[in-house]
$ cat target_18.txt   # compact mmCIF, N, CA and C atoms and all ligand atoms
# COMPACT_ATOMS: atom_id res chain seq x y z
N MET A 890 40.11 -127.09 61.32
CA MET A 890 40.57 -126.16 62.36
C MET A 890 41.50 -126.87 63.33
N LYS A 891 41.22 -128.15 63.57
CA LYS A 891 42.05 -128.91 64.52
C LYS A 891 43.47 -129.07 64.00
N ASN A 892 43.61 -129.23 62.66
CA ASN A 892 44.93 -129.45 62.08
C ASN A 892 45.72 -128.17 61.92
N ALA A 893 45.05 -127.04 62.05
CA ALA A 893 45.74 -125.76 61.84
C ALA A 893 46.58 -125.39 63.05
N THR A 894 47.63 -124.62 62.78
CA THR A 894 48.47 -124.12 63.87
C THR A 894 47.80 -122.93 64.54
N TYR A 895 47.23 -122.05 63.71
CA TYR A 895 46.49 -120.88 64.22
C TYR A 895 45.21 -120.72 63.41
N ASN A 896 44.15 -120.30 64.09
CA ASN A 896 42.86 -120.05 63.43
C ASN A 896 42.40 -118.63 63.71
N HIS A 897 41.66 -118.09 62.76
CA HIS A 897 41.19 -116.70 62.90
C HIS A 897 39.84 -116.56 62.22
N ILE A 898 38.86 -116.05 62.96
CA ILE A 898 37.53 -115.81 62.37
C ILE A 898 37.14 -114.36 62.66
N VAL A 899 36.70 -113.67 61.62
CA VAL A 899 36.10 -112.35 61.82
C VAL A 899 34.65 -112.43 61.35
N VAL A 900 33.77 -111.76 62.08
CA VAL A 900 32.35 -111.76 61.70
C VAL A 900 31.87 -110.33 61.54
N ALA A 901 30.85 -110.18 60.70
CA ALA A 901 30.15 -108.90 60.57
C ALA A 901 28.77 -109.09 61.17
N LYS A 902 28.34 -108.12 61.97
CA LYS A 902 27.04 -108.24 62.63
C LYS A 902 26.13 -107.06 62.29
N ASP A 903 24.84 -107.34 62.15
CA ASP A 903 23.81 -106.31 62.03
C ASP A 903 23.00 -106.43 63.32
N ASP A 904 23.22 -105.51 64.24
CA ASP A 904 22.75 -105.68 65.62
C ASP A 904 23.28 -107.00 66.16
N ASP A 905 22.42 -107.92 66.55
CA ASP A 905 22.90 -109.18 67.13
C ASP A 905 23.06 -110.28 66.09
N GLN A 906 22.65 -110.00 64.86
CA GLN A 906 22.64 -111.05 63.84
C GLN A 906 23.97 -111.09 63.08
N ILE A 907 24.58 -112.26 63.01
CA ILE A 907 25.79 -112.41 62.20
C ILE A 907 25.38 -112.47 60.73
N VAL A 908 25.96 -111.58 59.91
CA VAL A 908 25.58 -111.50 58.49
C VAL A 908 26.74 -111.86 57.57
N GLY A 909 27.89 -112.17 58.14
CA GLY A 909 29.00 -112.57 57.30
C GLY A 909 30.17 -113.00 58.17
N TYR A 910 31.05 -113.82 57.58
CA TYR A 910 32.24 -114.22 58.31
C TYR A 910 33.35 -114.62 57.35
N ALA A 911 34.56 -114.54 57.85
CA ALA A 911 35.72 -115.03 57.11
C ALA A 911 36.58 -115.84 58.07
N TYR A 912 36.91 -117.05 57.65
CA TYR A 912 37.75 -117.94 58.47
C TYR A 912 39.08 -118.17 57.76
N SER A 913 40.16 -117.91 58.47
CA SER A 913 41.50 -118.10 57.93
C SER A 913 42.32 -118.96 58.88
N ASN A 914 43.35 -119.56 58.34
CA ASN A 914 44.24 -120.33 59.22
C ASN A 914 45.66 -120.37 58.69
N ILE A 915 46.55 -120.68 59.60
CA ILE A 915 47.95 -120.97 59.30
C ILE A 915 48.15 -122.45 59.58
N SER A 916 48.63 -123.17 58.58
CA SER A 916 48.77 -124.63 58.73
C SER A 916 50.08 -125.10 58.12
N PRO A 917 50.58 -126.26 58.58
CA PRO A 917 51.74 -126.85 57.92
C PRO A 917 51.37 -127.19 56.48
N LYS A 918 52.29 -126.97 55.56
CA LYS A 918 51.94 -127.20 54.15
C LYS A 918 51.53 -128.64 53.88
N GLU A 919 52.05 -129.57 54.70
CA GLU A 919 51.69 -130.99 54.50
C GLU A 919 50.19 -131.24 54.67
N ALA A 920 49.51 -130.35 55.37
CA ALA A 920 48.06 -130.52 55.57
C ALA A 920 47.31 -130.47 54.24
N TYR A 921 47.98 -129.96 53.19
CA TYR A 921 47.31 -129.78 51.90
C TYR A 921 47.63 -130.89 50.90
N SER A 922 48.19 -131.97 51.40
CA SER A 922 48.39 -133.13 50.53
C SER A 922 47.92 -134.36 51.28
N ASN A 923 46.81 -134.91 50.81
CA ASN A 923 46.25 -136.08 51.48
C ASN A 923 45.57 -136.99 50.46
N GLU A 924 44.86 -137.99 50.93
CA GLU A 924 44.25 -138.95 50.00
C GLU A 924 43.17 -138.30 49.14
N PHE A 925 42.65 -137.18 49.59
CA PHE A 925 41.59 -136.49 48.86
C PHE A 925 42.16 -135.72 47.66
N ALA A 926 43.23 -134.99 47.91
CA ALA A 926 43.82 -134.18 46.84
C ALA A 926 45.18 -133.65 47.27
N THR A 927 45.98 -133.28 46.26
CA THR A 927 47.16 -132.45 46.53
C THR A 927 46.80 -131.07 46.05
N PHE A 928 46.66 -130.17 46.99
CA PHE A 928 46.10 -128.85 46.68
C PHE A 928 47.10 -127.94 45.97
N PHE A 929 48.39 -128.15 46.24
CA PHE A 929 49.43 -127.40 45.52
C PHE A 929 50.73 -128.17 45.66
N ASN A 930 51.66 -127.84 44.78
CA ASN A 930 52.96 -128.48 44.78
C ASN A 930 53.73 -128.04 46.03
N LEU A 931 53.93 -128.97 46.96
CA LEU A 931 54.55 -128.61 48.24
C LEU A 931 55.95 -128.03 48.05
N SER A 932 56.64 -128.50 47.01
CA SER A 932 58.01 -128.02 46.81
C SER A 932 58.05 -126.57 46.31
N SER A 933 56.89 -126.05 45.90
CA SER A 933 56.84 -124.64 45.46
C SER A 933 56.73 -123.70 46.66
N VAL A 934 56.59 -124.26 47.85
CA VAL A 934 56.49 -123.45 49.07
C VAL A 934 57.76 -123.67 49.89
N SER A 935 58.55 -122.62 50.07
CA SER A 935 59.84 -122.80 50.75
C SER A 935 59.69 -122.88 52.26
N ARG A 936 58.66 -122.24 52.81
CA ARG A 936 58.50 -122.21 54.27
C ARG A 936 57.71 -123.42 54.76
N LYS A 937 57.72 -123.60 56.07
CA LYS A 937 57.05 -124.75 56.70
C LYS A 937 55.52 -124.61 56.65
N ASN A 938 55.04 -123.40 56.87
CA ASN A 938 53.60 -123.16 56.98
C ASN A 938 53.07 -122.31 55.84
N VAL A 939 51.78 -122.46 55.57
CA VAL A 939 51.10 -121.60 54.59
C VAL A 939 49.87 -120.99 55.24
N GLY A 940 49.42 -119.88 54.66
CA GLY A 940 48.19 -119.25 55.11
C GLY A 940 47.07 -119.50 54.12
N CYS A 941 45.85 -119.59 54.64
CA CYS A 941 44.72 -119.86 53.76
C CYS A 941 43.48 -119.10 54.23
N LEU A 942 42.83 -118.42 53.28
CA LEU A 942 41.48 -117.91 53.54
C LEU A 942 40.56 -119.06 53.18
N SER A 943 40.02 -119.68 54.19
CA SER A 943 39.41 -120.99 54.03
C SER A 943 37.90 -120.96 53.81
N GLN A 944 37.23 -120.04 54.47
CA GLN A 944 35.78 -119.91 54.30
C GLN A 944 35.44 -118.43 54.34
N PHE A 945 34.48 -118.04 53.49
CA PHE A 945 34.20 -116.61 53.35
C PHE A 945 32.77 -116.47 52.85
N TYR A 946 31.94 -115.83 53.61
CA TYR A 946 30.53 -115.76 53.22
C TYR A 946 29.87 -114.50 53.77
N ILE A 947 29.20 -113.78 52.87
CA ILE A 947 28.36 -112.65 53.27
C ILE A 947 26.92 -113.03 52.92
N LYS A 948 26.04 -112.85 53.85
CA LYS A 948 24.64 -113.21 53.64
C LYS A 948 24.05 -112.40 52.48
N GLU A 949 23.21 -113.06 51.68
CA GLU A 949 22.53 -112.36 50.59
C GLU A 949 21.75 -111.18 51.14
N GLY A 950 21.78 -110.10 50.41
CA GLY A 950 21.14 -108.88 50.90
C GLY A 950 22.12 -107.96 51.59
N TYR A 951 23.28 -108.51 51.96
CA TYR A 951 24.33 -107.70 52.59
C TYR A 951 25.56 -107.58 51.69
N ARG A 952 25.47 -108.15 50.49
CA ARG A 952 26.61 -108.11 49.57
C ARG A 952 26.65 -106.78 48.82
N GLN A 953 27.81 -106.50 48.25
CA GLN A 953 28.02 -105.29 47.43
C GLN A 953 28.02 -104.00 48.24
N TYR A 954 28.16 -104.09 49.55
CA TYR A 954 28.24 -102.88 50.38
C TYR A 954 29.65 -102.67 50.95
N GLY A 955 30.58 -103.52 50.55
CA GLY A 955 31.95 -103.37 51.05
C GLY A 955 32.25 -104.19 52.29
N ILE A 956 31.26 -104.94 52.78
CA ILE A 956 31.50 -105.75 54.00
C ILE A 956 32.53 -106.84 53.73
N GLY A 957 32.39 -107.48 52.57
CA GLY A 957 33.33 -108.54 52.21
C GLY A 957 34.75 -108.01 52.13
N SER A 958 34.90 -106.85 51.54
CA SER A 958 36.25 -106.25 51.42
C SER A 958 36.86 -105.99 52.79
N ILE A 959 36.04 -105.54 53.72
CA ILE A 959 36.56 -105.27 55.07
C ILE A 959 37.00 -106.57 55.74
N LEU A 960 36.16 -107.60 55.68
CA LEU A 960 36.52 -108.89 56.30
C LEU A 960 37.74 -109.50 55.61
N PHE A 961 37.77 -109.36 54.28
CA PHE A 961 38.92 -109.88 53.52
C PHE A 961 40.21 -109.17 53.96
N ASN A 962 40.17 -107.84 54.04
CA ASN A 962 41.37 -107.10 54.42
C ASN A 962 41.81 -107.43 55.85
N MET A 963 40.85 -107.59 56.76
CA MET A 963 41.19 -107.96 58.14
C MET A 963 41.86 -109.33 58.16
N SER A 964 41.33 -110.26 57.35
CA SER A 964 41.89 -111.61 57.30
C SER A 964 43.31 -111.59 56.75
N MET A 965 43.51 -110.80 55.69
CA MET A 965 44.85 -110.74 55.09
C MET A 965 45.86 -110.09 56.03
N LYS A 966 45.40 -109.09 56.75
CA LYS A 966 46.29 -108.44 57.71
C LYS A 966 46.73 -109.45 58.78
N TRP A 967 45.77 -110.25 59.24
CA TRP A 967 46.11 -111.28 60.23
C TRP A 967 47.07 -112.31 59.62
N LEU A 968 46.74 -112.80 58.43
CA LEU A 968 47.57 -113.84 57.79
C LEU A 968 49.00 -113.34 57.56
N LYS A 969 49.13 -112.08 57.19
CA LYS A 969 50.45 -111.59 56.76
C LYS A 969 51.31 -111.10 57.91
N GLN A 970 50.81 -111.22 59.14
CA GLN A 970 51.63 -110.81 60.29
C GLN A 970 52.67 -111.87 60.65
N PHE A 971 52.51 -113.09 60.13
CA PHE A 971 53.43 -114.17 60.52
C PHE A 971 54.69 -114.08 59.66
N ASP A 972 55.81 -113.78 60.31
CA ASP A 972 57.05 -113.54 59.57
C ASP A 972 57.51 -114.75 58.79
N ASP A 973 57.20 -115.95 59.30
CA ASP A 973 57.71 -117.16 58.65
C ASP A 973 56.70 -117.76 57.66
N VAL A 974 55.69 -117.00 57.27
CA VAL A 974 54.72 -117.48 56.27
C VAL A 974 54.75 -116.55 55.07
N GLU A 975 55.00 -117.13 53.90
CA GLU A 975 55.14 -116.30 52.68
C GLU A 975 54.09 -116.61 51.63
N ASP A 976 53.43 -117.78 51.75
CA ASP A 976 52.52 -118.21 50.68
C ASP A 976 51.10 -118.34 51.20
N PHE A 977 50.18 -117.78 50.41
CA PHE A 977 48.78 -117.71 50.82
C PHE A 977 47.90 -118.29 49.71
N PHE A 978 46.88 -119.05 50.12
CA PHE A 978 46.04 -119.76 49.15
C PHE A 978 44.56 -119.51 49.43
N ILE A 979 43.79 -119.53 48.34
CA ILE A 979 42.33 -119.55 48.42
C ILE A 979 41.86 -120.57 47.40
N PHE A 980 40.90 -121.39 47.78
CA PHE A 980 40.37 -122.45 46.90
C PHE A 980 38.94 -122.10 46.54
N VAL A 981 38.69 -121.96 45.24
CA VAL A 981 37.39 -121.49 44.76
C VAL A 981 36.72 -122.59 43.93
N SER A 982 35.45 -122.82 44.21
CA SER A 982 34.72 -123.85 43.46
C SER A 982 34.48 -123.41 42.02
N ASN A 983 34.49 -124.38 41.14
CA ASN A 983 34.21 -124.16 39.73
C ASN A 983 32.89 -123.41 39.55
N GLY A 984 32.89 -122.37 38.74
CA GLY A 984 31.66 -121.64 38.46
C GLY A 984 31.43 -120.43 39.35
N ASN A 985 32.22 -120.29 40.41
CA ASN A 985 32.04 -119.13 41.29
C ASN A 985 32.88 -117.98 40.76
N GLN A 986 32.45 -117.49 39.59
CA GLN A 986 33.20 -116.44 38.89
C GLN A 986 33.25 -115.15 39.70
N ASN A 987 32.17 -114.90 40.41
CA ASN A 987 32.09 -113.68 41.22
C ASN A 987 33.21 -113.64 42.27
N ALA A 988 33.36 -114.75 42.99
CA ALA A 988 34.41 -114.82 44.02
C ALA A 988 35.80 -114.77 43.36
N LEU A 989 35.93 -115.48 42.25
CA LEU A 989 37.22 -115.51 41.55
C LEU A 989 37.67 -114.10 41.17
N GLU A 990 36.77 -113.34 40.58
CA GLU A 990 37.11 -111.98 40.17
C GLU A 990 37.38 -111.09 41.38
N PHE A 991 36.60 -111.29 42.44
CA PHE A 991 36.81 -110.54 43.69
C PHE A 991 38.24 -110.74 44.17
N TYR A 992 38.68 -111.99 44.25
CA TYR A 992 40.03 -112.28 44.78
C TYR A 992 41.12 -111.77 43.84
N LYS A 993 40.86 -111.84 42.53
CA LYS A 993 41.87 -111.35 41.58
C LYS A 993 42.06 -109.84 41.75
N ARG A 994 40.96 -109.14 41.97
CA ARG A 994 41.07 -107.70 42.19
C ARG A 994 41.79 -107.38 43.50
N LYS A 995 41.77 -108.34 44.42
CA LYS A 995 42.45 -108.13 45.72
C LYS A 995 43.90 -108.58 45.68
N GLY A 996 44.39 -108.98 44.53
CA GLY A 996 45.81 -109.27 44.42
C GLY A 996 46.18 -110.74 44.33
N PHE A 997 45.18 -111.64 44.33
CA PHE A 997 45.47 -113.06 44.15
C PHE A 997 45.48 -113.42 42.66
N SER A 998 46.23 -114.46 42.33
CA SER A 998 46.32 -114.91 40.94
C SER A 998 45.95 -116.38 40.85
N ILE A 999 45.37 -116.74 39.70
CA ILE A 999 45.07 -118.15 39.48
C ILE A 999 46.38 -118.91 39.33
N SER A 1000 46.51 -119.98 40.11
CA SER A 1000 47.70 -120.82 40.02
C SER A 1000 47.43 -122.04 39.15
N HIS A 1001 46.42 -122.82 39.50
CA HIS A 1001 46.12 -124.04 38.76
C HIS A 1001 44.76 -124.57 39.19
N ASP A 1002 44.29 -125.59 38.47
CA ASP A 1002 43.05 -126.28 38.84
C ASP A 1002 43.40 -127.61 39.50
N ILE A 1003 42.51 -128.06 40.37
CA ILE A 1003 42.65 -129.42 40.92
C ILE A 1003 41.31 -130.14 40.82
N LEU A 1004 41.34 -131.42 41.09
CA LEU A 1004 40.13 -132.25 41.08
C LEU A 1004 39.36 -132.10 39.76
N ASP A 1005 40.09 -132.27 38.65
CA ASP A 1005 39.50 -132.20 37.31
C ASP A 1005 38.79 -130.87 37.06
N GLY A 1006 39.35 -129.81 37.58
CA GLY A 1006 38.78 -128.48 37.32
C GLY A 1006 37.68 -128.09 38.28
N PHE A 1007 37.42 -128.92 39.25
CA PHE A 1007 36.34 -128.60 40.20
C PHE A 1007 36.72 -127.45 41.11
N ILE A 1008 38.01 -127.35 41.41
CA ILE A 1008 38.51 -126.29 42.30
C ILE A 1008 39.61 -125.50 41.59
N THR A 1009 39.52 -124.19 41.66
CA THR A 1009 40.58 -123.32 41.17
C THR A 1009 41.41 -122.84 42.37
N VAL A 1010 42.72 -123.00 42.23
CA VAL A 1010 43.62 -122.59 43.32
C VAL A 1010 44.15 -121.20 43.02
N LEU A 1011 43.91 -120.30 43.96
CA LEU A 1011 44.43 -118.94 43.85
C LEU A 1011 45.57 -118.77 44.84
N ARG A 1012 46.53 -117.96 44.44
CA ARG A 1012 47.74 -117.87 45.23
C ARG A 1012 48.24 -116.43 45.33
N ASN A 1013 48.90 -116.14 46.44
CA ASN A 1013 49.49 -114.82 46.63
C ASN A 1013 50.74 -115.01 47.47
N ASN A 1014 51.76 -114.23 47.16
CA ASN A 1014 53.01 -114.35 47.89
C ASN A 1014 53.32 -113.03 48.59
N LYS A 1015 53.89 -113.15 49.78
CA LYS A 1015 54.16 -111.94 50.59
C LYS A 1015 55.07 -110.97 49.84
N GLN A 1016 55.92 -111.51 48.98
CA GLN A 1016 56.84 -110.66 48.23
C GLN A 1016 56.10 -109.79 47.21
N SER A 1017 54.89 -110.26 46.79
CA SER A 1017 54.15 -109.47 45.81
C SER A 1017 53.56 -108.23 46.47
N GLU A 1018 53.08 -107.34 45.67
CA GLU A 1018 52.57 -106.06 46.17
C GLU A 1018 51.60 -106.29 47.32
N ASN A 1019 51.83 -105.56 48.41
CA ASN A 1019 51.02 -105.80 49.60
C ASN A 1019 50.15 -104.57 49.90
N ILE A 1020 48.84 -104.73 49.68
CA ILE A 1020 47.95 -103.58 49.85
C ILE A 1020 47.19 -103.65 51.16
N TYR A 1021 47.53 -104.66 52.00
CA TYR A 1021 46.72 -104.86 53.20
C TYR A 1021 47.37 -104.33 54.47
N SER A 1022 48.65 -104.02 54.40
CA SER A 1022 49.32 -103.63 55.65
C SER A 1022 49.42 -102.12 55.76
C1 LIG A 1101 32.43 -112.99 47.60
C2 LIG A 1101 31.71 -112.23 48.71
C3 LIG A 1101 32.22 -112.71 50.07
C4 LIG A 1101 32.01 -110.74 48.55
O1 LIG A 1101 31.40 -110.03 49.62
P1 LIG A 1101 30.78 -108.55 49.41
O2 LIG A 1101 30.43 -108.03 50.74
O3 LIG A 1101 29.73 -108.57 48.36
O4 LIG A 1101 32.07 -107.80 48.86
P2 LIG A 1101 32.24 -106.22 48.63
O5 LIG A 1101 30.93 -105.52 48.75
O6 LIG A 1101 33.36 -105.76 49.47
O7 LIG A 1101 32.74 -106.17 47.16
C5 LIG A 1101 31.91 -106.65 46.12
C6 LIG A 1101 31.75 -105.59 45.09
O8 LIG A 1101 30.89 -104.56 45.59
C7 LIG A 1101 31.48 -103.30 45.31
N1 LIG A 1101 31.09 -102.39 46.37
C8 LIG A 1101 31.65 -102.28 47.58
N2 LIG A 1101 31.06 -101.33 48.29
C9 LIG A 1101 30.09 -100.83 47.51
C10 LIG A 1101 29.12 -99.83 47.67
N3 LIG A 1101 29.05 -99.11 48.81
N4 LIG A 1101 28.25 -99.62 46.68
C11 LIG A 1101 28.32 -100.34 45.54
N5 LIG A 1101 29.23 -101.28 45.31
C12 LIG A 1101 30.10 -101.53 46.28
C13 LIG A 1101 32.94 -103.57 45.33
O9 LIG A 1101 33.63 -102.60 44.53
C14 LIG A 1101 33.01 -104.89 44.71
O10 LIG A 1101 32.96 -104.76 43.35
P3 LIG A 1101 33.91 -105.59 42.52
O11 LIG A 1101 33.63 -107.03 42.93
O12 LIG A 1101 33.53 -105.25 41.14
O13 LIG A 1101 35.27 -105.13 42.95
C15 LIG A 1101 30.18 -112.43 48.63
O14 LIG A 1101 29.75 -112.15 47.32
C16 LIG A 1101 29.70 -113.81 49.03
O15 LIG A 1101 29.49 -114.12 50.21
N6 LIG A 1101 29.46 -114.69 48.03
C17 LIG A 1101 28.90 -116.02 48.26
C18 LIG A 1101 29.87 -116.92 49.01
C19 LIG A 1101 31.16 -117.06 48.26
O16 LIG A 1101 31.20 -117.20 47.06
N7 LIG A 1101 32.25 -117.05 49.03
C20 LIG A 1101 33.59 -117.24 48.51
C21 LIG A 1101 33.91 -118.70 48.53
S1 LIG A 1101 35.54 -118.98 47.87
$ encode --input "target_18.txt" --output "structure tokens"
Amino acid sequence: MKNATYNHIVVAKDDDQIVGYAYSNISPKEAYSNEFATFFNLSSVSRKNVGCLSQFYIKEGYRQYGIGSILFNMSMKWLKQFDDVEDFFIFVSNGNQNALEFYKRKGFSISHDILDGFITVLRNNKQSENIYS
């Protein structure tokens, strides 16, 4: 969060209890190449900054009711308001097929794997069909 230019968190509440959240940020693309990993080919991003849905979680027992879709759409609407940001990323852990399929249905595509297949990189471009605005 400290390295990001802008941060955004939306939460879902059941009375006073937080039952889900989505954290997104806008960051310089260089933030995604470090000693740990190169998350994507920086030269494939023409703009200075990229958007990322970075953390996303709905508490068990609250899933499959559409809450995730609402938080996802709110996050995408926020991410896509920045005129100078065209590329959006989501990083999914190996084996999380449920999340992978969820994001694919929302318009993201698999780009590549990193860290020996441990992480799947999903990508979306503002030029592609936009169902969130
Ligand atoms: C991925 C995750 C955030 C999705 O949240 P969710 O609240 O279950 O998402 P939704 O309910 O909006 O959508 C899930 C499915 O329920 C369906 N659904 C939505 N409302 C529904 C309803 N009223 N009745 C029945 N099904 C419904 C949706 O159509 C969707 O189906 P699909 O996946 O086949 O399209 C949630 O499963 C989760 O927290 N998983 C664990 C953490 C995780 O993997 N996070 C992602 C890390 S990258």
$ atom_distance --input "target_18.txt" --atom1 "CA of Ile1003 (chain A)" --atom2 "CA of Glu990 (chain A)"
18.3 Å
$ residues_around --input "target_18.txt" --residues "region 917-927 of chain A" --least-positions-apart "3" --cutoff "6 Å" --atoms "only C-alpha atoms" --output "MDAnalysis selection string"
chainID A and resid 937:939
$ axis_aligned_box --input "target_18.txt" --around "ligand LIG 1101 (chain A)" --padding-each-side "4 Å" --output "AutoDock Vina command-line options"
--center_x 31.9 --center_y -109.0 --center_z 45.9 --size_x 15.3 --size_y 27.9 --size_z 17.6
$ closest_residue --input "target_18.txt" --among "A:Asn987, A:Gln953, A:Ser943, A:Ser935" --to "Ala911 (chain A)" --atoms "all atoms listed in the file"
A:Ser943
$ atom_distance --input "target_18.txt" --atom1 "atom N of Asn892 (chain A)" --atom2 "atom N of Cys941 (chain A)"
12.7 Å
$ atom_distance --input "target_18.txt" --atom1 "atom O8 of ligand LIG 1101 (chain A)" --atom2 "CA of Ile907 (chain A)"
19.1 Å
$ closest_residue --input "target_18.txt" --among "A:Asp976, A:Lys993, A:Asn983, A:Phe961" --to "Ser932 (chain A)" --atoms "only C-alpha atoms"
A:Asp976
$ closest_residue --input "target_18.txt" --among "A:Thr1009, A:Ser982, A:Asn1014, A:Asn914" --to "Phe997 (chain A)" --atoms "only C-alpha atoms"
A:Asn1014
